[in-house]
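**Student:** Quick one: the structure is below, and I'll ask about it shortly.
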Amino acid sequence: MARKSAASWNIGARWRADRHYSKGCRLVRAGKPTEALKAFDQVIAILPKHARAHLQRALALAAAGRIAEAVHAARQAAELAPRNHAPLLFLGQIQYDAGHHEEARKAFSAAARLDPQNRVVQAYLGLALLALGHKDEGAGLLRAHLRYGYEGLEGRLLTLAEQHLYQHRDQARSLEDQLTPEESGREEAPAGCGLRLASAVRMALLWPFAMVRGRAALSWLRAEEAMSIRDWGAAISSLRQAEQAGAHPEKVAAALGQAYLEAGKPEVAAEHFARLPEETRQEPEMAALAGFAFFESGRYEQASKPLEITAARFSREYLPCYYRGLCEIALGQPKAATAWFIQAAARLNPHIAEKRLEEMLRVQAEQ
């Protein structure tokens with residue numbers, strides 16, 4: 001009878017502990033670390049040697065800003081699971097995020113000894129070495145282990161690179177200068193014969209109809225065709241003529257903003273976008289153009305909202321998130337940029353983090 005009662009208590013205790021553990025994990029994911037701590041404390045009160053509860057408690061403590069306690073809890077988890085690399089990996093992450101890079105290196109190295117083939121551990125070790133100034137060794141590990149599909153690490157590396165570049169922003173080139181045409185999605189070469197022929201045919205077909213509608217319509221047609229073959233100077237000239245002839249001011253302002261932006265004159269483009277009503281600038285396509293124009297002209301606060309709209313609408317594009325993060329960097333808020341850079345790294349360009357690593361190494365080499 002005593003044995004049966006002990007067995008029943010053991011099953012009940014484990015069930016209660018699992019329930020509290022699951023609750024704690026949900027609270028961590030919901031961004032409520034203080035509440036999560038209470039749940040993990042209940043797990044540990046029932047099962048003092050529950051290594052995963054100690055580990056999750058460490059992460060919750062770190063999220064709550066209680067770093068010393070988080071380190072202690074992670075070390076307890078490592079002692080309870082001496083053959084598992086995970087507690088040491090999380091211990092390293094906590095130390096790294098707190099700026100204790102040498103302690104992070106020791107933890108990551110210990111985790112690597114337990115699981116030498118683990119690419120996550122090796123990549124984090126590379127980050128710690130890089131932060132300590134061991135450029136060649138750290139970069140070698142990152143190059144070898146970066147591309148394994150773990151988006152979170154790419155986001156962390158991207159954030160590290162951005163923080164470094166923020167400190168040396170006068171020396172750092174922008175990401176778009178490193179992008180290939182395929183990655184940037186921009187067509188900058190002159191229009192080929194095919195585009196010019198198609199434009200000429202459209203002009204011949206539409207010219208009579210435009211003449212009936214008046215001088216503004218003719219100028220607008222010329223502007224549209226100039227934009228179709230990327231002749232931005234001619235487009236701007238025709239749009240100015242359309243404006244003088246009485247074309248719709250809002251429509252002209254939007255088109256001039258796009259033309260000046262493509263022509264490499266973001267300051268002028270931003271002035272035209274600023275003329276548009278707020279509700280027009282909130283349309284996704286217009287928000288994208290206005291956001292980039294404001295950003296390129298140094299109007300970072302104005303760029304923030306349209307870039308957020310663009311990022312929400314074009315959920316598979318990384319550039320709006322990337323530029324939104326750079327707005328925070330330019331406004332002196334590198335920590336606030338973290339989530340935006342992680343979103344950028346998680347979208348359709350798996351090579352951003354690698355590019356930023358290369359840029360960071362280039363800047364370091366110039367110092």
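Each chain in the structure tokens gets a letter, A, B and so on, in the order shown; residues start at 1 in every chain, and ligands are counted from 1 in the order they appear.
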What's around segment 276-291 of chain A at 6 Å? Count only C-alpha atoms, leave out sequence neighbours fewer than 3 positions away in its own chain, and write the answer as an mmCIF file with N, CA and C atoms, in the first residue's frame.

**Tutor:**
data_model
loop_
_atom_site.group_PDB
_atom_site.id
_atom_site.type_symbol
_atom_site.label_atom_id
_atom_site.label_comp_id
_atom_site.auth_asym_id
_atom_site.auth_seq_id
_atom_site.Cartn_x
_atom_site.Cartn_y
_atom_site.Cartn_z
ATOM 1 N N PHE A 273 6.822 63.546 -52.280
ATOM 2 C CA PHE A 273 6.015 62.600 -51.501
ATOM 3 C C PHE A 273 5.388 63.294 -50.288
ATOM 4 N N PHE A 294 12.323 59.106 -48.107
ATOM 5 C CA PHE A 294 12.584 59.765 -46.828
ATOM 6 C C PHE A 294 13.875 59.238 -46.199
ATOM 7 N N ALA A 303 10.478 58.412 -42.375
ATOM 8 C CA ALA A 303 10.597 57.141 -43.109
ATOM 9 C C ALA A 303 10.023 55.973 -42.321
ATOM 10 N N PRO A 306 5.998 54.766 -43.115
ATOM 11 C CA PRO A 306 5.772 54.109 -44.401
ATOM 12 C C PRO A 306 6.558 52.813 -44.569
ATOM 13 N N LEU A 307 7.745 52.735 -43.981
ATOM 14 C CA LEU A 307 8.510 51.485 -44.075
ATOM 15 C C LEU A 307 7.827 50.372 -43.284
ATOM 16 N N THR A 310 5.031 49.146 -45.438
ATOM 17 C CA THR A 310 5.567 48.343 -46.535
ATOM 18 C C THR A 310 5.974 46.959 -46.049
#

**Student:** If we count only C-alpha atoms and set the cut-off at 12 Å, which residues sit around segment 56-64 of chain A, ignoring sequence neighbours fewer than 3 positions away in its own chain? Please answer as a PDB file with N, CA and C atoms, in the first residue's frame.

**Tutor:**
ATOM      1  N   HIS A  20       3.079  22.918 -14.981  1.00  0.00           N
ATOM      2  CA  HIS A  20       3.702  24.208 -14.672  1.00  0.00           C
ATOM      3  C   HIS A  20       4.791  24.549 -15.690  1.00  0.00           C
ATOM      4  N   TYR A  21       5.527  23.530 -16.124  1.00  0.00           N
ATOM      5  CA  TYR A  21       6.599  23.754 -17.101  1.00  0.00           C
ATOM      6  C   TYR A  21       6.016  24.274 -18.417  1.00  0.00           C
ATOM      7  N   SER A  22       4.947  23.628 -18.882  1.00  0.00           N
ATOM      8  CA  SER A  22       4.311  24.065 -20.133  1.00  0.00           C
ATOM      9  C   SER A  22       3.775  25.481 -20.000  1.00  0.00           C
ATOM     10  N   LYS A  23       3.209  25.793 -18.852  1.00  0.00           N
ATOM     11  CA  LYS A  23       2.691  27.140 -18.623  1.00  0.00           C
ATOM     12  C   LYS A  23       3.830  28.161 -18.664  1.00  0.00           C
ATOM     13  N   GLY A  24       4.950  27.822 -18.023  1.00  0.00           N
ATOM     14  CA  GLY A  24       6.090  28.733 -18.021  1.00  0.00           C
ATOM     15  C   GLY A  24       6.610  29.006 -19.425  1.00  0.00           C
ATOM     16  N   CYS A  25       6.696  27.963 -20.237  1.00  0.00           N
ATOM     17  CA  CYS A  25       7.179  28.134 -21.616  1.00  0.00           C
ATOM     18  C   CYS A  25       6.242  29.027 -22.412  1.00  0.00           C
ATOM     19  N   ARG A  26       4.940  28.854 -22.208  1.00  0.00           N
ATOM     20  CA  ARG A  26       3.968  29.704 -22.913  1.00  0.00           C
ATOM     21  C   ARG A  26       4.132  31.164 -22.504  1.00  0.00           C
ATOM     22  N   LEU A  27       4.364  31.394 -21.228  1.00  0.00           N
ATOM     23  CA  LEU A  27       4.522  32.761 -20.739  1.00  0.00           C
ATOM     24  C   LEU A  27       5.800  33.397 -21.278  1.00  0.00           C
ATOM     25  N   VAL A  28       6.858  32.605 -21.429  1.00  0.00           N
ATOM     26  CA  VAL A  28       8.103  33.127 -22.018  1.00  0.00           C
ATOM     27  C   VAL A  28       7.842  33.560 -23.450  1.00  0.00           C
ATOM     28  N   ARG A  29       7.164  32.685 -24.208  1.00  0.00           N
ATOM     29  CA  ARG A  29       6.860  33.018 -25.602  1.00  0.00           C
ATOM     30  C   ARG A  29       5.958  34.233 -25.700  1.00  0.00           C
ATOM     31  N   ALA A  30       5.112  34.443 -24.705  1.00  0.00           N
ATOM     32  CA  ALA A  30       4.204  35.595 -24.698  1.00  0.00           C
ATOM     33  C   ALA A  30       4.887  36.865 -24.208  1.00  0.00           C
ATOM     34  N   GLY A  31       6.172  36.778 -23.879  1.00  0.00           N
ATOM     35  CA  GLY A  31       6.892  37.960 -23.417  1.00  0.00           C
ATOM     36  C   GLY A  31       6.599  38.344 -21.989  1.00  0.00           C
ATOM     37  N   LYS A  32       6.303  37.354 -21.143  1.00  0.00           N
ATOM     38  CA  LYS A  32       5.992  37.617 -19.733  1.00  0.00           C
ATOM     39  C   LYS A  32       6.961  36.829 -18.841  1.00  0.00           C
ATOM     40  N   PRO A  33       8.245  37.214 -18.843  1.00  0.00           N
ATOM     41  CA  PRO A  33       9.246  36.425 -18.115  1.00  0.00           C
ATOM     42  C   PRO A  33       9.031  36.388 -16.606  1.00  0.00           C
ATOM     43  N   THR A  34       8.545  37.484 -16.026  1.00  0.00           N
ATOM     44  CA  THR A  34       8.347  37.507 -14.573  1.00  0.00           C
ATOM     45  C   THR A  34       7.294  36.490 -14.145  1.00  0.00           C
ATOM     46  N   GLU A  35       6.206  36.408 -14.920  1.00  0.00           N
ATOM     47  CA  GLU A  35       5.173  35.417 -14.614  1.00  0.00           C
ATOM     48  C   GLU A  35       5.679  34.006 -14.880  1.00  0.00           C
ATOM     49  N   ALA A  36       6.500  33.871 -15.920  1.00  0.00           N
ATOM     50  CA  ALA A  36       7.045  32.557 -16.247  1.00  0.00           C
ATOM     51  C   ALA A  36       7.921  32.029 -15.108  1.00  0.00           C
ATOM     52  N   LEU A  37       8.659  32.934 -14.455  1.00  0.00           N
ATOM     53  CA  LEU A  37       9.532  32.523 -13.353  1.00  0.00           C
ATOM     54  C   LEU A  37       8.747  31.805 -12.254  1.00  0.00           C
ATOM     55  N   LYS A  38       7.566  32.300 -11.962  1.00  0.00           N
ATOM     56  CA  LYS A  38       6.752  31.680 -10.910  1.00  0.00           C
ATOM     57  C   LYS A  38       6.411  30.239 -11.287  1.00  0.00           C
ATOM     58  N   ALA A  39       6.101  30.034 -12.572  1.00  0.00           N
ATOM     59  CA  ALA A  39       5.762  28.686 -13.016  1.00  0.00           C
ATOM     60  C   ALA A  39       6.969  27.756 -12.912  1.00  0.00           C
ATOM     61  N   PHE A  40       8.140  28.228 -13.333  1.00  0.00           N
ATOM     62  CA  PHE A  40       9.329  27.379 -13.263  1.00  0.00           C
ATOM     63  C   PHE A  40       9.750  27.125 -11.811  1.00  0.00           C
ATOM     64  N   ASP A  41       9.545  28.119 -10.949  1.00  0.00           N
ATOM     65  CA  ASP A  41       9.838  27.905  -9.524  1.00  0.00           C
ATOM     66  C   ASP A  41       8.961  26.787  -8.947  1.00  0.00           C
ATOM     67  N   GLN A  42       7.728  26.721  -9.415  1.00  0.00           N
ATOM     68  CA  GLN A  42       6.837  25.656  -8.955  1.00  0.00           C
ATOM     69  C   GLN A  42       7.313  24.292  -9.456  1.00  0.00           C
ATOM     70  N   VAL A  43       7.817  24.263 -10.669  1.00  0.00           N
ATOM     71  CA  VAL A  43       8.370  22.999 -11.190  1.00  0.00           C
ATOM     72  C   VAL A  43       9.527  22.539 -10.315  1.00  0.00           C
ATOM     73  N   ILE A  44      10.437  23.462 -10.020  1.00  0.00           N
ATOM     74  CA  ILE A  44      11.639  23.116  -9.261  1.00  0.00           C
ATOM     75  C   ILE A  44      11.292  22.755  -7.820  1.00  0.00           C
ATOM     76  N   HIS A  50      15.052  19.038 -12.035  1.00  0.00           N
ATOM     77  CA  HIS A  50      14.465  19.185 -13.367  1.00  0.00           C
ATOM     78  C   HIS A  50      15.361  20.160 -14.157  1.00  0.00           C
ATOM     79  N   ALA A  51      16.315  19.599 -14.919  1.00  0.00           N
ATOM     80  CA  ALA A  51      17.329  20.433 -15.582  1.00  0.00           C
ATOM     81  C   ALA A  51      16.704  21.417 -16.565  1.00  0.00           C
ATOM     82  N   ARG A  52      15.699  20.962 -17.331  1.00  0.00           N
ATOM     83  CA  ARG A  52      15.086  21.856 -18.324  1.00  0.00           C
ATOM     84  C   ARG A  52      14.388  23.039 -17.648  1.00  0.00           C
ATOM     85  N   ALA A  53      13.793  22.818 -16.486  1.00  0.00           N
ATOM     86  CA  ALA A  53      13.140  23.923 -15.766  1.00  0.00           C
ATOM     87  C   ALA A  53      14.171  24.947 -15.306  1.00  0.00           C
ATOM     88  N   ILE A  67      20.584  39.292 -14.771  1.00  0.00           N
ATOM     89  CA  ILE A  67      21.630  38.528 -15.451  1.00  0.00           C
ATOM     90  C   ILE A  67      22.408  37.621 -14.502  1.00  0.00           C
ATOM     91  N   ALA A  68      22.810  38.138 -13.344  1.00  0.00           N
ATOM     92  CA  ALA A  68      23.599  37.329 -12.415  1.00  0.00           C
ATOM     93  C   ALA A  68      22.824  36.081 -11.997  1.00  0.00           C
ATOM     94  N   GLU A  69      21.528  36.249 -11.706  1.00  0.00           N
ATOM     95  CA  GLU A  69      20.700  35.098 -11.338  1.00  0.00           C
ATOM     96  C   GLU A  69      20.530  34.147 -12.519  1.00  0.00           C
ATOM     97  N   ALA A  70      20.444  34.716 -13.722  1.00  0.00           N
ATOM     98  CA  ALA A  70      20.294  33.885 -14.917  1.00  0.00           C
ATOM     99  C   ALA A  70      21.526  33.018 -15.141  1.00  0.00           C
ATOM    100  N   VAL A  71      22.682  33.600 -14.943  1.00  0.00           N
ATOM    101  CA  VAL A  71      23.934  32.847 -15.085  1.00  0.00           C
ATOM    102  C   VAL A  71      23.980  31.710 -14.068  1.00  0.00           C
ATOM    103  N   HIS A  72      23.608  32.002 -12.818  1.00  0.00           N
ATOM    104  CA  HIS A  72      23.607  30.981 -11.765  1.00  0.00           C
ATOM    105  C   HIS A  72      22.646  29.837 -12.121  1.00  0.00           C
ATOM    106  N   ALA A  73      21.456  30.186 -12.618  1.00  0.00           N
ATOM    107  CA  ALA A  73      20.470  29.162 -12.968  1.00  0.00           C
ATOM    108  C   ALA A  73      20.949  28.312 -14.134  1.00  0.00           C
ATOM    109  N   ALA A  74      21.603  28.935 -15.120  1.00  0.00           N
ATOM    110  CA  ALA A  74      22.107  28.176 -16.263  1.00  0.00           C
ATOM    111  C   ALA A  74      23.226  27.224 -15.832  1.00  0.00           C
ATOM    112  N   ARG A  75      24.044  27.658 -14.904  1.00  0.00           N
ATOM    113  CA  ARG A  75      25.115  26.785 -14.404  1.00  0.00           C
ATOM    114  C   ARG A  75      24.535  25.614 -13.611  1.00  0.00           C
ATOM    115  N   GLN A  76      23.462  25.881 -12.885  1.00  0.00           N
ATOM    116  CA  GLN A  76      22.788  24.781 -12.186  1.00  0.00           C
ATOM    117  C   GLN A  76      22.272  23.744 -13.184  1.00  0.00           C
ATOM    118  N   ALA A  77      21.678  24.226 -14.280  1.00  0.00           N
ATOM    119  CA  ALA A  77      21.177  23.312 -15.316  1.00  0.00           C
ATOM    120  C   ALA A  77      22.318  22.506 -15.910  1.00  0.00           C
ATOM    121  N   ALA A  78      23.466  23.153 -16.123  1.00  0.00           N
ATOM    122  CA  ALA A  78      24.620  22.449 -16.683  1.00  0.00           C
ATOM    123  C   ALA A  78      25.136  21.373 -15.721  1.00  0.00           C
ATOM    124  N   ALA A  86      23.226  21.787 -24.343  1.00  0.00           N
ATOM    125  CA  ALA A  86      22.245  22.886 -24.375  1.00  0.00           C
ATOM    126  C   ALA A  86      22.400  23.873 -23.217  1.00  0.00           C
ATOM    127  N   PRO A  87      22.545  23.421 -21.957  1.00  0.00           N
ATOM    128  CA  PRO A  87      22.700  24.409 -20.881  1.00  0.00           C
ATOM    129  C   PRO A  87      23.902  25.327 -21.076  1.00  0.00           C
ATOM    130  N   LEU A  88      24.997  24.752 -21.562  1.00  0.00           N
ATOM    131  CA  LEU A  88      26.196  25.570 -21.789  1.00  0.00           C
ATOM    132  C   LEU A  88      25.983  26.536 -22.950  1.00  0.00           C
ATOM    133  N   LEU A  89      25.253  26.088 -23.966  1.00  0.00           N
ATOM    134  CA  LEU A  89      24.939  26.976 -25.084  1.00  0.00           C
ATOM    135  C   LEU A  89      24.122  28.171 -24.599  1.00  0.00           C
ATOM    136  N   PHE A  90      23.086  27.908 -23.800  1.00  0.00           N
ATOM    137  CA  PHE A  90      22.253  28.995 -23.292  1.00  0.00           C
ATOM    138  C   PHE A  90      23.022  29.874 -22.312  1.00  0.00           C
ATOM    139  N   LEU A  91      23.894  29.256 -21.520  1.00  0.00           N
ATOM    140  CA  LEU A  91      24.731  30.042 -20.619  1.00  0.00           C
ATOM    141  C   LEU A  91      25.587  31.009 -21.439  1.00  0.00           C
ATOM    142  N   GLY A  92      26.157  30.503 -22.526  1.00  0.00           N
ATOM    143  CA  GLY A  92      26.961  31.369 -23.395  1.00  0.00           C
ATOM    144  C   GLY A  92      26.147  32.498 -23.993  1.00  0.00           C
ATOM    145  N   GLN A  93      24.929  32.199 -24.414  1.00  0.00           N
ATOM    146  CA  GLN A  93      24.073  33.237 -24.990  1.00  0.00           C
ATOM    147  C   GLN A  93      23.771  34.333 -23.972  1.00  0.00           C
ATOM    148  N   ILE A  94      23.480  33.921 -22.752  1.00  0.00           N
ATOM    149  CA  ILE A  94      23.181  34.907 -21.701  1.00  0.00           C
ATOM    150  C   ILE A  94      24.398  35.796 -21.444  1.00  0.00           C
ATOM    151  N   GLN A  95      25.564  35.168 -21.355  1.00  0.00           N
ATOM    152  CA  GLN A  95      26.789  35.934 -21.113  1.00  0.00           C
ATOM    153  C   GLN A  95      27.108  36.851 -22.297  1.00  0.00           C
ATOM    154  N   TYR A  96      26.895  36.325 -23.481  1.00  0.00           N
ATOM    155  CA  TYR A  96      27.186  37.115 -24.685  1.00  0.00           C
ATOM    156  C   TYR A  96      26.291  38.348 -24.755  1.00  0.00           C
ATOM    157  N   ASP A  97      24.988  38.141 -24.530  1.00  0.00           N
ATOM    158  CA  ASP A  97      24.046  39.256 -24.594  1.00  0.00           C
ATOM    159  C   ASP A  97      24.327  40.294 -23.504  1.00  0.00           C
ATOM    160  N   ALA A  98      24.920  39.848 -22.407  1.00  0.00           N
ATOM    161  CA  ALA A  98      25.252  40.771 -21.321  1.00  0.00           C
ATOM    162  C   ALA A  98      26.588  41.482 -21.564  1.00  0.00           C
TER     163      ALA A  98
END

**Student:** May I have the residues within 10 Å of Ala330 of chain A as a PyMOL selection string, using only C-alpha atoms and disregarding those fewer than 5 positions away in the same chain?

**Tutor:** chain A and resi 166+169+295+298-301+324-325+337

**Student:** Using only C-alpha atoms, pick whichever of A:Ala104, A:Cys327, A:Ala123, A:Leu239 has the shortest atom-to-atom distance to Ala139 of chain A.

**Tutor:** A:Ala123

**Student:** Extract, using only C-alpha atoms, all DNA, RNA and protein residues at most 7 Å from Glu296 of chain A, discarding same-chain residues fewer than 3 positions from it, and format them as a list in words.

**Tutor:**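 Result of the neighbour search: Pro266, Phe292 and Ala293 of chain A.
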
**Student:** Just want the 7 Å neighbourhood of segment 112-114 of chain A, counted on only C-alpha atoms, with same-chain residues fewer than 6 positions away dropped. Output as a PyMOL selection string.

**Tutor:** chain A and resi 83+85+121-122

**Student:** Would you mind exporting C-alpha atoms of the selected residues as an mmCIF file, in the first residue's frame?

**Tutor:**
data_model
loop_
_atom_site.group_PDB
_atom_site.id
_atom_site.type_symbol
_atom_site.label_atom_id
_atom_site.label_comp_id
_atom_site.auth_asym_id
_atom_site.auth_seq_id
_atom_site.Cartn_x
_atom_site.Cartn_y
_atom_site.Cartn_z
ATOM 1 C CA ARG A 83 26.540 15.520 -20.872
ATOM 2 C CA HIS A 85 25.497 20.833 -24.553
ATOM 3 C CA VAL A 121 27.379 25.827 -31.015
ATOM 4 C CA GLN A 122 30.238 26.370 -33.470
#

**Student:** Between atom CA of Leu129 of chain A and atom CA of Pro82 of chain A, what distance in Å does the model show, to one decimal?

**Tutor:**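 A separation of 23.8 Å between them.
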
**Student:** When you draw a straight line from atom CA of Gly233 of chain A to atom CA of Trp220 of chain A, how long is it in Å?

**Tutor:**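 We find that atom CA of Gly233 of chain A and atom CA of Trp220 of chain A lie 14.0 Å from each other.
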